[in-house]
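Asks: My file is protein.cif. It has mmCIF, C-alpha atoms and all ligand atoms; chains and numbers go by the auth columns:
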```cif
data_coords
loop_
_atom_site.group_PDB
_atom_site.id
_atom_site.type_symbol
_atom_site.label_atom_id
_atom_site.label_comp_id
_atom_site.label_asym_id
_atom_site.label_seq_id
_atom_site.Cartn_x
_atom_site.Cartn_y
_atom_site.Cartn_z
_atom_site.B_iso_or_equiv
_atom_site.auth_seq_id
_atom_site.auth_asym_id
ATOM 1 C CA MET A 1 -13.338 -21.392 9.925 0.00 1 A
ATOM 2 C CA ALA A 2 -11.913 -22.191 6.524 0.00 2 A
ATOM 3 C CA ASN A 3 -8.154 -21.836 6.429 0.00 3 A
ATOM 4 C CA SER A 4 -6.642 -23.232 3.263 0.00 4 A
ATOM 5 C CA PRO A 5 -5.667 -21.567 -0.034 0.00 5 A
ATOM 6 C CA GLU A 6 -8.267 -23.818 -1.679 0.00 6 A
ATOM 7 C CA ASP A 7 -10.953 -22.317 0.566 0.00 7 A
ATOM 8 C CA LEU A 8 -9.871 -18.815 -0.444 0.00 8 A
ATOM 9 C CA ALA A 9 -9.830 -19.812 -4.123 0.00 9 A
ATOM 10 C CA ALA A 10 -13.384 -21.152 -3.854 0.00 10 A
ATOM 11 C CA LEU A 11 -14.532 -17.949 -2.165 0.00 11 A
ATOM 12 C CA LEU A 12 -12.920 -15.808 -4.887 0.00 12 A
ATOM 13 C CA ALA A 13 -14.253 -18.003 -7.695 0.00 13 A
ATOM 14 C CA GLY A 14 -17.771 -17.347 -6.451 0.00 14 A
ATOM 15 C CA ALA A 15 -17.300 -13.625 -5.884 0.00 15 A
ATOM 16 C CA ARG A 16 -19.207 -11.085 -7.955 0.00 16 A
ATOM 17 C CA HIS A 17 -17.141 -8.059 -6.925 0.00 17 A
ATOM 18 C CA ALA A 18 -14.011 -9.000 -4.976 0.00 18 A
ATOM 19 C CA VAL A 19 -11.844 -6.216 -3.558 0.00 19 A
ATOM 20 C CA VAL A 20 -8.303 -6.678 -2.221 0.00 20 A
ATOM 21 C CA LEU A 21 -6.824 -4.574 0.578 0.00 21 A
ATOM 22 C CA THR A 22 -3.068 -4.788 1.161 0.00 22 A
ATOM 23 C CA GLY A 23 -0.683 -3.536 3.825 0.00 23 A
ATOM 24 C CA ALA A 24 2.988 -3.600 4.691 0.00 24 A
ATOM 25 C CA GLY A 25 3.099 -7.399 5.006 0.00 25 A
ATOM 26 C CA VAL A 26 2.966 -7.688 1.217 0.00 26 A
ATOM 27 C CA SER A 27 5.954 -5.407 0.742 0.00 27 A
ATOM 28 C CA THR A 28 8.120 -6.922 3.492 0.00 28 A
ATOM 29 C CA GLU A 29 8.353 -10.087 1.383 0.00 29 A
ATOM 30 C CA SER A 30 10.046 -7.963 -1.272 0.00 30 A
ATOM 31 C CA GLY A 31 12.539 -6.750 1.340 0.00 31 A
ATOM 32 C CA ILE A 32 10.912 -3.422 2.205 0.00 32 A
ATOM 33 C CA PRO A 33 10.937 -2.937 5.987 0.00 33 A
ATOM 34 C CA ASP A 34 7.663 -2.440 7.827 0.00 34 A
ATOM 35 C CA PHE A 35 8.196 0.792 9.739 0.00 35 A
ATOM 36 C CA ARG A 36 5.656 -0.191 12.365 0.00 36 A
ATOM 37 C CA SER A 37 6.943 -3.657 13.180 0.00 37 A
ATOM 38 C CA PRO A 38 9.279 -4.448 16.098 0.00 38 A
ATOM 39 C CA GLY A 39 12.857 -3.719 15.073 0.00 39 A
ATOM 40 C CA GLY A 40 11.525 -1.404 12.368 0.00 40 A
ATOM 41 C CA ILE A 41 13.090 1.885 11.501 0.00 41 A
ATOM 42 C CA TRP A 42 10.709 3.848 13.714 0.00 42 A
ATOM 43 C CA GLU A 43 12.382 2.363 16.781 0.00 43 A
ATOM 44 C CA ARG A 44 15.562 4.204 15.818 0.00 44 A
ATOM 45 C CA VAL A 45 14.058 7.397 14.443 0.00 45 A
ATOM 46 C CA ASP A 46 11.057 9.288 15.760 0.00 46 A
ATOM 47 C CA PRO A 47 8.457 8.986 12.984 0.00 47 A
ATOM 48 C CA MET A 48 6.466 11.913 14.250 0.00 48 A
ATOM 49 C CA GLU A 49 9.536 14.026 13.705 0.00 49 A
ATOM 50 C CA ILE A 50 11.302 12.829 10.567 0.00 50 A
ATOM 51 C CA GLY A 51 8.119 11.687 8.821 0.00 51 A
ATOM 52 C CA SER A 52 6.089 14.747 9.651 0.00 52 A
ATOM 53 C CA ILE A 53 4.856 17.622 7.581 0.00 53 A
ATOM 54 C CA SER A 54 6.285 20.049 10.142 0.00 54 A
ATOM 55 C CA THR A 55 9.840 18.705 9.662 0.00 55 A
ATOM 56 C CA PHE A 56 9.340 18.833 5.910 0.00 56 A
ATOM 57 C CA LEU A 57 8.349 22.481 6.162 0.00 57 A
ATOM 58 C CA SER A 58 10.805 23.629 8.842 0.00 58 A
ATOM 59 C CA ASN A 59 13.825 21.437 8.156 0.00 59 A
ATOM 60 C CA PRO A 60 13.638 20.239 4.532 0.00 60 A
ATOM 61 C CA ASP A 61 17.324 19.311 4.249 0.00 61 A
ATOM 62 C CA ARG A 62 17.023 16.968 7.235 0.00 62 A
ATOM 63 C CA PHE A 63 13.798 15.571 5.810 0.00 63 A
ATOM 64 C CA TRP A 64 15.277 14.895 2.380 0.00 64 A
ATOM 65 C CA GLY A 65 18.539 13.625 3.853 0.00 65 A
ATOM 66 C CA PHE A 66 16.535 10.879 5.511 0.00 66 A
ATOM 67 C CA HIS A 67 14.057 10.189 2.707 0.00 67 A
ATOM 68 C CA ARG A 68 16.262 10.305 -0.391 0.00 68 A
ATOM 69 C CA PRO A 69 17.935 6.901 0.368 0.00 69 A
ATOM 70 C CA ARG A 70 14.505 5.308 0.796 0.00 70 A
ATOM 71 C CA PHE A 71 13.763 5.883 -2.892 0.00 71 A
ATOM 72 C CA ALA A 72 16.893 3.968 -3.849 0.00 72 A
ATOM 73 C CA ALA A 73 15.869 1.171 -1.469 0.00 73 A
ATOM 74 C CA VAL A 74 12.498 0.820 -3.214 0.00 74 A
ATOM 75 C CA ASP A 75 14.120 0.859 -6.653 0.00 75 A
ATOM 76 C CA SER A 76 16.382 -2.052 -5.721 0.00 76 A
ATOM 77 C CA VAL A 77 13.524 -4.464 -4.922 0.00 77 A
ATOM 78 C CA GLU A 78 11.055 -6.344 -7.111 0.00 78 A
ATOM 79 C CA PRO A 79 7.373 -7.249 -6.792 0.00 79 A
ATOM 80 C CA ASN A 80 6.962 -10.657 -5.149 0.00 80 A
ATOM 81 C CA ALA A 81 4.619 -13.572 -5.746 0.00 81 A
ATOM 82 C CA ALA A 82 1.824 -11.930 -3.723 0.00 82 A
ATOM 83 C CA HIS A 83 1.903 -8.770 -5.863 0.00 83 A
ATOM 84 C CA LEU A 84 1.901 -10.910 -9.019 0.00 84 A
ATOM 85 C CA ALA A 85 -0.980 -13.107 -7.823 0.00 85 A
ATOM 86 C CA ILE A 86 -3.112 -10.068 -6.966 0.00 86 A
ATOM 87 C CA ALA A 87 -2.441 -8.597 -10.420 0.00 87 A
ATOM 88 C CA GLU A 88 -3.359 -11.969 -11.942 0.00 88 A
ATOM 89 C CA LEU A 89 -6.677 -11.984 -10.049 0.00 89 A
ATOM 90 C CA GLU A 90 -7.423 -8.597 -11.601 0.00 90 A
ATOM 91 C CA ARG A 91 -6.500 -9.855 -15.087 0.00 91 A
ATOM 92 C CA ARG A 92 -8.907 -12.762 -14.622 0.00 92 A
ATOM 93 C CA GLY A 93 -11.707 -10.343 -13.770 0.00 93 A
ATOM 94 C CA ILE A 94 -12.066 -11.684 -10.231 0.00 94 A
ATOM 95 C CA VAL A 95 -10.675 -8.676 -8.388 0.00 95 A
ATOM 96 C CA LYS A 96 -12.395 -5.409 -9.285 0.00 96 A
ATOM 97 C CA ALA A 97 -10.440 -3.022 -7.065 0.00 97 A
ATOM 98 C CA LEU A 98 -7.191 -2.944 -5.094 0.00 98 A
ATOM 99 C CA ILE A 99 -6.764 -0.712 -2.048 0.00 99 A
ATOM 100 C CA THR A 100 -3.259 -0.451 -0.603 0.00 100 A
ATOM 101 C CA GLN A 101 -1.581 1.203 2.360 0.00 101 A
ATOM 102 C CA ASN A 102 1.760 0.743 0.620 0.00 102 A
ATOM 103 C CA ILE A 103 3.555 3.631 -1.037 0.00 103 A
ATOM 104 C CA ASP A 104 6.231 1.693 -2.902 0.00 104 A
ATOM 105 C CA GLY A 105 4.503 1.270 -6.265 0.00 105 A
ATOM 106 C CA LEU A 106 5.165 -2.500 -6.326 0.00 106 A
ATOM 107 C CA HIS A 107 1.525 -3.320 -7.144 0.00 107 A
ATOM 108 C CA ARG A 108 1.743 -1.187 -10.274 0.00 108 A
ATOM 109 C CA ARG A 109 5.035 -2.785 -11.255 0.00 109 A
ATOM 110 C CA ALA A 110 3.421 -6.221 -10.823 0.00 110 A
ATOM 111 C CA GLY A 111 0.660 -5.268 -13.260 0.00 111 A
ATOM 112 C CA SER A 112 -2.198 -3.978 -11.109 0.00 112 A
ATOM 113 C CA THR A 113 -3.674 -1.214 -13.252 0.00 113 A
ATOM 114 C CA ASP A 114 -5.084 1.328 -10.830 0.00 114 A
ATOM 115 C CA PRO A 115 -4.343 0.638 -7.163 0.00 115 A
ATOM 116 C CA ILE A 116 -6.073 2.968 -4.707 0.00 116 A
ATOM 117 C CA GLU A 117 -3.109 4.267 -2.696 0.00 117 A
ATOM 118 C CA VAL A 118 -4.636 5.598 0.515 0.00 118 A
ATOM 119 C CA HIS A 119 -1.297 6.653 2.020 0.00 119 A
ATOM 120 C CA GLY A 120 -0.068 8.257 -1.183 0.00 120 A
ATOM 121 C CA THR A 121 2.815 7.199 -3.391 0.00 121 A
ATOM 122 C CA LEU A 122 6.501 7.763 -4.038 0.00 122 A
ATOM 123 C CA ASP A 123 5.713 8.028 -7.746 0.00 123 A
ATOM 124 C CA PHE A 124 5.514 11.809 -8.069 0.00 124 A
ATOM 125 C CA GLY A 125 6.501 15.040 -6.363 0.00 125 A
ATOM 126 C CA GLU A 126 4.476 18.151 -5.769 0.00 126 A
ATOM 127 C CA CYS A 127 4.957 21.703 -4.623 0.00 127 A
ATOM 128 C CA LEU A 128 2.843 22.467 -1.585 0.00 128 A
ATOM 129 C CA ARG A 129 2.867 26.179 -2.350 0.00 129 A
ATOM 130 C CA CYS A 130 1.791 26.347 -6.006 0.00 130 A
ATOM 131 C CA GLY A 131 0.619 22.772 -6.619 0.00 131 A
ATOM 132 C CA ALA A 132 3.032 22.038 -9.479 0.00 132 A
ATOM 133 C CA ARG A 133 3.511 18.299 -9.996 0.00 133 A
ATOM 134 C CA ILE A 134 6.662 16.671 -11.312 0.00 134 A
ATOM 135 C CA SER A 135 7.673 13.111 -12.041 0.00 135 A
ATOM 136 C CA ARG A 136 9.520 11.094 -9.499 0.00 136 A
ATOM 137 C CA ASP A 137 12.637 11.006 -11.696 0.00 137 A
ATOM 138 C CA GLU A 138 12.600 14.784 -11.997 0.00 138 A
ATOM 139 C CA MET A 139 12.116 15.153 -8.232 0.00 139 A
ATOM 140 C CA LEU A 140 15.075 12.877 -7.475 0.00 140 A
ATOM 141 C CA ALA A 141 17.263 14.552 -10.110 0.00 141 A
ATOM 142 C CA ARG A 142 16.595 17.935 -8.508 0.00 142 A
ATOM 143 C CA ALA A 143 17.336 16.532 -5.045 0.00 143 A
ATOM 144 C CA ASP A 144 20.643 15.136 -6.266 0.00 144 A
ATOM 145 C CA ASP A 145 21.563 18.397 -8.020 0.00 145 A
ATOM 146 C CA ALA A 146 20.784 20.646 -5.052 0.00 146 A
ATOM 147 C CA ASP A 147 23.580 21.628 -2.656 0.00 147 A
ATOM 148 C CA ASP A 148 21.363 20.891 0.355 0.00 148 A
ATOM 149 C CA GLY A 149 19.691 17.804 -1.183 0.00 149 A
ATOM 150 C CA VAL A 150 16.271 19.466 -1.298 0.00 150 A
ATOM 151 C CA PRO A 151 14.343 19.359 -4.612 0.00 151 A
ATOM 152 C CA ARG A 152 12.675 22.689 -5.369 0.00 152 A
ATOM 153 C CA CYS A 153 9.846 23.937 -7.537 0.00 153 A
ATOM 154 C CA THR A 154 10.971 25.737 -10.708 0.00 154 A
ATOM 155 C CA GLN A 155 7.766 27.827 -10.657 0.00 155 A
ATOM 156 C CA CYS A 156 7.967 29.281 -7.155 0.00 156 A
ATOM 157 C CA GLY A 157 11.133 27.968 -5.473 0.00 157 A
ATOM 158 C CA PHE A 158 9.361 26.137 -2.648 0.00 158 A
ATOM 159 C CA GLN A 159 10.583 22.660 -1.649 0.00 159 A
ATOM 160 C CA ILE A 160 9.023 19.644 -3.401 0.00 160 A
ATOM 161 C CA LYS A 161 7.324 16.923 -1.358 0.00 161 A
ATOM 162 C CA SER A 162 6.841 13.352 -2.581 0.00 162 A
ATOM 163 C CA GLY A 163 3.270 12.111 -2.996 0.00 163 A
ATOM 164 C CA VAL A 164 3.555 10.088 0.213 0.00 164 A
ATOM 165 C CA VAL A 165 1.245 11.249 3.003 0.00 165 A
ATOM 166 C CA LEU A 166 3.249 12.508 5.981 0.00 166 A
ATOM 167 C CA PHE A 167 2.329 12.480 9.652 0.00 167 A
ATOM 168 C CA GLY A 168 0.150 15.496 10.313 0.00 168 A
ATOM 169 C CA GLU A 169 -1.128 15.603 6.725 0.00 169 A
ATOM 170 C CA GLN A 170 -4.585 14.820 5.417 0.00 170 A
ATOM 171 C CA LEU A 171 -4.982 11.560 3.531 0.00 171 A
ATOM 172 C CA PRO A 172 -5.716 12.059 -0.183 0.00 172 A
ATOM 173 C CA ALA A 173 -9.473 12.686 -0.349 0.00 173 A
ATOM 174 C CA ASP A 174 -9.992 11.129 -3.774 0.00 174 A
ATOM 175 C CA SER A 175 -8.265 7.888 -2.766 0.00 175 A
ATOM 176 C CA ILE A 176 -10.212 7.676 0.481 0.00 176 A
ATOM 177 C CA SER A 177 -13.555 8.139 -1.235 0.00 177 A
ATOM 178 C CA ARG A 178 -12.601 5.553 -3.873 0.00 178 A
ATOM 179 C CA ALA A 179 -11.615 3.117 -1.103 0.00 179 A
ATOM 180 C CA PHE A 180 -14.955 3.559 0.638 0.00 180 A
ATOM 181 C CA ALA A 181 -16.811 3.120 -2.652 0.00 181 A
ATOM 182 C CA ALA A 182 -14.859 -0.086 -3.350 0.00 182 A
ATOM 183 C CA ALA A 183 -15.677 -1.480 0.092 0.00 183 A
ATOM 184 C CA ASP A 184 -19.302 -0.502 -0.408 0.00 184 A
ATOM 185 C CA ALA A 185 -19.456 -2.490 -3.664 0.00 185 A
ATOM 186 C CA ALA A 186 -17.507 -5.526 -2.411 0.00 186 A
ATOM 187 C CA ASP A 187 -19.230 -8.839 -1.801 0.00 187 A
ATOM 188 C CA VAL A 188 -15.831 -10.298 -0.866 0.00 188 A
ATOM 189 C CA MET A 189 -12.925 -8.394 0.671 0.00 189 A
ATOM 190 C CA LEU A 190 -9.540 -10.108 0.800 0.00 190 A
ATOM 191 C CA VAL A 191 -7.069 -8.497 3.205 0.00 191 A
ATOM 192 C CA VAL A 192 -3.398 -9.349 2.594 0.00 192 A
ATOM 193 C CA GLY A 193 -0.547 -8.272 4.850 0.00 193 A
ATOM 194 C CA SER A 194 -2.410 -5.697 6.906 0.00 194 A
ATOM 195 C CA SER A 195 -3.122 -6.025 10.606 0.00 195 A
ATOM 196 C CA LEU A 196 -6.055 -3.606 10.109 0.00 196 A
ATOM 197 C CA LEU A 197 -5.037 -1.321 12.955 0.00 197 A
ATOM 198 C CA VAL A 198 -4.595 1.952 11.064 0.00 198 A
ATOM 199 C CA THR A 199 -7.512 4.090 9.945 0.00 199 A
ATOM 200 C CA PRO A 200 -9.098 4.493 7.499 0.00 200 A
ATOM 201 C CA VAL A 201 -8.483 0.982 6.139 0.00 201 A
ATOM 202 C CA SER A 202 -9.313 -0.501 9.542 0.00 202 A
ATOM 203 C CA THR A 203 -12.924 0.587 8.999 0.00 203 A
ATOM 204 C CA LEU A 204 -13.326 -0.932 5.522 0.00 204 A
ATOM 205 C CA PRO A 205 -13.928 -4.577 6.589 0.00 205 A
ATOM 206 C CA ASP A 206 -16.707 -3.313 8.856 0.00 206 A
ATOM 207 C CA MET A 207 -18.406 -1.751 5.836 0.00 207 A
ATOM 208 C CA VAL A 208 -18.181 -5.019 3.904 0.00 208 A
ATOM 209 C CA LEU A 209 -19.540 -7.082 6.794 0.00 209 A
ATOM 210 C CA GLY A 210 -22.226 -4.465 7.427 0.00 210 A
ATOM 211 C CA HIS A 211 -23.844 -4.953 4.040 0.00 211 A
ATOM 212 C CA GLY A 212 -23.615 -8.725 4.169 0.00 212 A
ATOM 213 C CA GLY A 213 -20.273 -9.185 2.411 0.00 213 A
ATOM 214 C CA THR A 214 -17.625 -11.760 3.246 0.00 214 A
ATOM 215 C CA LEU A 215 -14.169 -11.185 4.665 0.00 215 A
ATOM 216 C CA ALA A 216 -10.989 -13.201 4.036 0.00 216 A
ATOM 217 C CA ILE A 217 -7.717 -12.375 5.773 0.00 217 A
ATOM 218 C CA LEU A 218 -4.180 -13.501 4.918 0.00 218 A
ATOM 219 C CA THR A 219 -1.879 -11.917 7.477 0.00 219 A
ATOM 220 C CA GLU A 220 0.758 -13.275 9.831 0.00 220 A
ATOM 221 C CA SER A 221 -0.290 -11.091 12.753 0.00 221 A
ATOM 222 C CA GLU A 222 -3.621 -11.074 14.546 0.00 222 A
ATOM 223 C CA THR A 223 -6.267 -8.603 13.414 0.00 223 A
ATOM 224 C CA PRO A 224 -9.384 -7.204 15.111 0.00 224 A
ATOM 225 C CA TYR A 225 -11.482 -9.013 12.474 0.00 225 A
ATOM 226 C CA ASP A 226 -10.144 -12.550 12.917 0.00 226 A
ATOM 227 C CA ALA A 227 -13.406 -13.784 14.454 0.00 227 A
ATOM 228 C CA ASP A 228 -15.484 -12.209 11.668 0.00 228 A
ATOM 229 C CA CYS A 229 -13.808 -13.625 8.599 0.00 229 A
ATOM 230 C CA THR A 230 -14.912 -16.603 6.539 0.00 230 A
ATOM 231 C CA VAL A 231 -11.410 -17.602 5.447 0.00 231 A
ATOM 232 C CA ARG A 232 -8.338 -16.985 7.615 0.00 232 A
ATOM 233 C CA LEU A 233 -4.859 -17.750 6.285 0.00 233 A
ATOM 234 C CA HIS A 234 -1.487 -17.286 7.973 0.00 234 A
ATOM 235 C CA GLY A 235 2.020 -17.634 6.614 0.00 235 A
ATOM 236 C CA LYS A 236 3.866 -16.033 3.724 0.00 236 A
ATOM 237 C CA ALA A 237 1.573 -14.027 1.461 0.00 237 A
ATOM 238 C CA GLY A 238 3.586 -14.896 -1.651 0.00 238 A
ATOM 239 C CA VAL A 239 3.406 -18.648 -1.030 0.00 239 A
ATOM 240 C CA GLN A 240 -0.251 -18.650 -0.027 0.00 240 A
ATOM 241 C CA MET A 241 -1.400 -16.438 -2.905 0.00 241 A
ATOM 242 C CA SER A 242 0.487 -18.579 -5.433 0.00 242 A
ATOM 243 C CA GLU A 243 -1.400 -21.573 -4.086 0.00 243 A
ATOM 244 C CA VAL A 244 -4.673 -19.671 -4.410 0.00 244 A
ATOM 245 C CA ILE A 245 -3.960 -19.074 -8.115 0.00 245 A
ATOM 246 C CA ALA A 246 -3.092 -22.757 -8.580 0.00 246 A
ATOM 247 C CA ALA A 247 -6.323 -23.751 -6.828 0.00 247 A
ATOM 248 C CA LEU A 248 -8.304 -21.391 -9.075 0.00 248 A
ATOM 249 C CA ASP A 249 -6.717 -23.086 -12.097 0.00 249 A
ATOM 250 C CA GLU A 250 -7.922 -26.428 -10.777 0.00 250 A
ATOM 251 C CA ILE A 251 -11.432 -25.095 -10.260 0.00 251 A
ATOM 252 C CA ALA A 252 -11.421 -23.767 -13.841 0.00 252 A
ATOM 253 C CA ASP A 253 -10.174 -27.130 -15.190 0.00 253 A
ATOM 254 C CA ARG A 254 -12.728 -29.143 -13.266 0.00 254 A
ATOM 255 C CA PRO A 255 -15.162 -30.874 -15.613 0.00 255 A
ATOM 256 C CA GLY A 256 -18.802 -29.897 -15.443 0.00 256 A
HETATM 257 ZN ZN ZN B . 5.745 25.797 -6.590 0.00 301 A
#
```
Mind converting the file's structure to C-alpha cells?
Replies:
Amino acid sequence: MANSPEDLAALLAGARHAVVLTGAGVSTESGIPDFRSPGGIWERVDPMEIGSISTFLSNPDRFWGFHRPRFAAVDSVEPNAAHLAIAELERRGIVKALITQNIDGLHRRAGSTDPIEVHGTLDFGECLRCGARISRDEMLARADDADDGVPRCTQCGFQIKSGVVLFGEQLPADSISRAFAAADAADVMLVVGSSLLVTPVSTLPDMVLGHGGTLAILTESETPYDADCTVRLHGKAGVQMSEVIAALDEIADRPG
C-alpha cells in the first residue's frame, strides 16, 4: 500500500472528482478537543445528557451553561495547516466537495467555500418552535443578556438552539443528501482525521469503493477501511497535508 504524501499527491493529481471527508482529528490540531477520544470531555460529562435534545428542551439553562463556553473556545483557535491545505486543493480545482463531521466552522475560516456539515454548525441559532433563524453573534448576545443564560426567540419566546445536531436529533437532511451525492460522484475520496466509526459518514467510503472509486485515508487511529484504501497515511494531518501540497507543486513543475 502506498503511504507517502507524494503517493497521495499523485492520486489527487490524477483525480477527476476528488471529495474530502474530515473528522475531529483535523480540529484537534487547532486545539479543539475530540469529545470521543480517551480523556475527552465526555468522560467527565454524560454526553447523552448534556448534549441531548431532551436536556435542551427540559433544562435549557443547564444546557446553555455548559455550551456557552464552548463557543468562546472555538473563537480562540485558528484553522491549521490541514484546513488550509484542503482549502487550497479546492482552489486548485482538485477537490470538488468537502464533507465534515466538525461543527467548529474552521474549514470555512480556512477558505473552503461550502463545506457539507453533516453534524450541523455553531454558526447560527434557530428556534425549534417557530423556525426563526438568527446569527451566531445574535444568539450569543441574547444568551449573555439573559438572566438564566438562555437565548430566546423574539417571535415566540422559545429557547434558541445552535445549529449543531444534538443527541436524539435528526441529522440535517439536506446535508446528508449532499454528502451521499458527493460520495456518489467521487472517483477519489480522501478521509482526514476521521476514524470512520460514526454513521452516516462511515458508510460513504463504501459507496465510493462500490462504484469503483479509490480511497485514501490520513488518520492517526485505525479505521474499518484500512485494508481497502489505496493510500494510507498516519501522523499529523497538518504536516502531511502540507507535504501533499508541496508534492503537487513538484508534479506541476515537472517538465513534460
Ligand atoms: Zn420562535
Asks: Grab me every residue within 6 Å of ligand ZN 301 (chain A), counting only C-alpha atoms and all ligand atoms, and send it over as a list in words.
Replies: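 For ligand ZN 301 (chain A), the residues inside 6 Å are Cys127, Arg129, Cys130, Gly131, Ala132, Cys153, Gln155, Cys156, Gly157 and Phe158 of chain A.
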Asks: Those same residues, written as a CSV table (one decimal), in the frame of the given file with C-alpha atoms?
Replies:
```csv
chain,number,residue,atom,x,y,z
A,127,CYS,CA,5.0,21.7,-4.6
A,129,ARG,CA,2.9,26.2,-2.4
A,130,CYS,CA,1.8,26.3,-6.0
A,131,GLY,CA,0.6,22.8,-6.6
A,132,ALA,CA,3.0,22.0,-9.5
A,153,CYS,CA,9.8,23.9,-7.5
A,155,GLN,CA,7.8,27.8,-10.7
A,156,CYS,CA,8.0,29.3,-7.2
A,157,GLY,CA,11.1,28.0,-5.5
A,158,PHE,CA,9.4,26.1,-2.6
```
Asks: Could I get the residues of stretch 146-256 of chain A with an atom no further than 9 Å from an atom of stretch 69-83 of chain A, each paired with its nearest atom pair and that distance in Å to one decimal, using only C-alpha atoms, sorted by chain and residue number, as JSON lines?
Replies:
```
{"residue": "A:Val192", "atom": "CA", "partner": "A:Ala82", "partner_atom": "CA", "distance": 8.6}
{"residue": "A:Lys236", "atom": "CA", "partner": "A:Ala82", "partner_atom": "CA", "distance": 8.7}
{"residue": "A:Ala237", "atom": "CA", "partner": "A:Ala82", "partner_atom": "CA", "distance": 5.6}
{"residue": "A:Gly238", "atom": "CA", "partner": "A:Ala82", "partner_atom": "CA", "distance": 4.0}
{"residue": "A:Val239", "atom": "CA", "partner": "A:Ala81", "partner_atom": "CA", "distance": 7.0}
{"residue": "A:Gln240", "atom": "CA", "partner": "A:Ala82", "partner_atom": "CA", "distance": 7.9}
{"residue": "A:Met241", "atom": "CA", "partner": "A:Ala82", "partner_atom": "CA", "distance": 5.6}
{"residue": "A:Ser242", "atom": "CA", "partner": "A:Ala81", "partner_atom": "CA", "distance": 6.5}
```
Asks: Counting only C-alpha atoms, find residues at most 7 Å from (7.2, 19.4, -3.8) (file frame) and give them as a list in words.
Replies: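 Those residues lying close to the given coordinates are Gly125, Glu126, Cys127, Leu128, Arg152, Cys153, Gln159, Ile160, Lys161 and Ser162 of chain A.
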Asks: Looking at only C-alpha atoms, which of A:Asp184, A:Gly105, A:Ala85, A:Asp145 is the one that sits closest to A:Ser27?
Replies: A:Gly105
Asks: Given the file shown, enumerate the residues that the PyMOL selection byres (((chain A and resi 210-215) around 12) and not hetatm) captures and present them as a PyMOL selection string.
Replies: chain A and resi 1-2+8+11-12+14-21+183-192+203-209+216-218+225-233
Asks: How far is it from atom CA of A:Ala146 to atom CA of A:Arg62, in Å with one decimal?
Replies: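 It comes out at 13.4 Å.
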Asks: Taking the file as shown, what set of residues would the PyMOL selection byres (((chain A and resi 115) around 12) and not hetatm) give back, as a PyMOL selection string?
Replies: chain A and resi 19-22+83+86-87+90+95-114+116-121+175-176+178-179+182
Asks: For A:Glu88, which residue among A:Ala24, A:Val244, A:Ala252, A:Val150 is the nearest when counting only C-alpha atoms?
Replies: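 Closest to A:Glu88, using only C-alpha atoms: A:Val244.
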Asks: Name the closest residue to A:Asp61 among the candidates A:Glu222, A:Asp144, A:Asp249, A:Glu243; distances are taken between atoms, counting only C-alpha atoms.
Replies: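 Smallest separation from A:Asp61 among the options: A:Asp144.
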Asks: One decimal, Å: what's the distance from atom CA of A:Ser52 over to atom CA of A:Gly168, could you say?
Replies: 6.0 Å
Asks: Atom CA of A:Ala181 to atom CA of A:Thr199: how many Å, to one decimal?
Replies: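 Interatomic distance, atom CA of A:Ala181 to atom CA of A:Thr199: 15.7 Å.
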Asks: Between A:Asn3, A:Ala13, A:Ala141, A:Pro151, which residue has the minimum interatomic distance to A:Ala247, considering only C-alpha atoms?
Replies: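 Counting only C-alpha atoms, the residue closest to A:Ala247 is A:Ala13.
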Asks: For stretch 131-135 of chain A, I'd like the enclosing box, axis-aligned and padded by 4 Å on every side, reported as lines of an AutoDock Vina configuration file with centre and edge lengths in Å to one decimal.
Replies:
```
center_x = 4.1
center_y = 17.9
center_z = -9.3
size_x = 15.1
size_y = 17.7
size_z = 13.4
```
Asks: When distances are computed from all atoms listed in the file, which of A:Gly25, A:Gly193, A:Pro200, A:Gly31 shows the smallest separation from A:Phe180?
Replies: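 Of all the options, A:Pro200 lies closest to A:Phe180.
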Asks: Give me the residues within 12 Å of A:Ser54 as a PyMOL selection string, counting only C-alpha atoms and dropping any in the same chain fewer than 2 places off.
Replies: chain A and resi 47-52+56-60+62-63+161+166-169
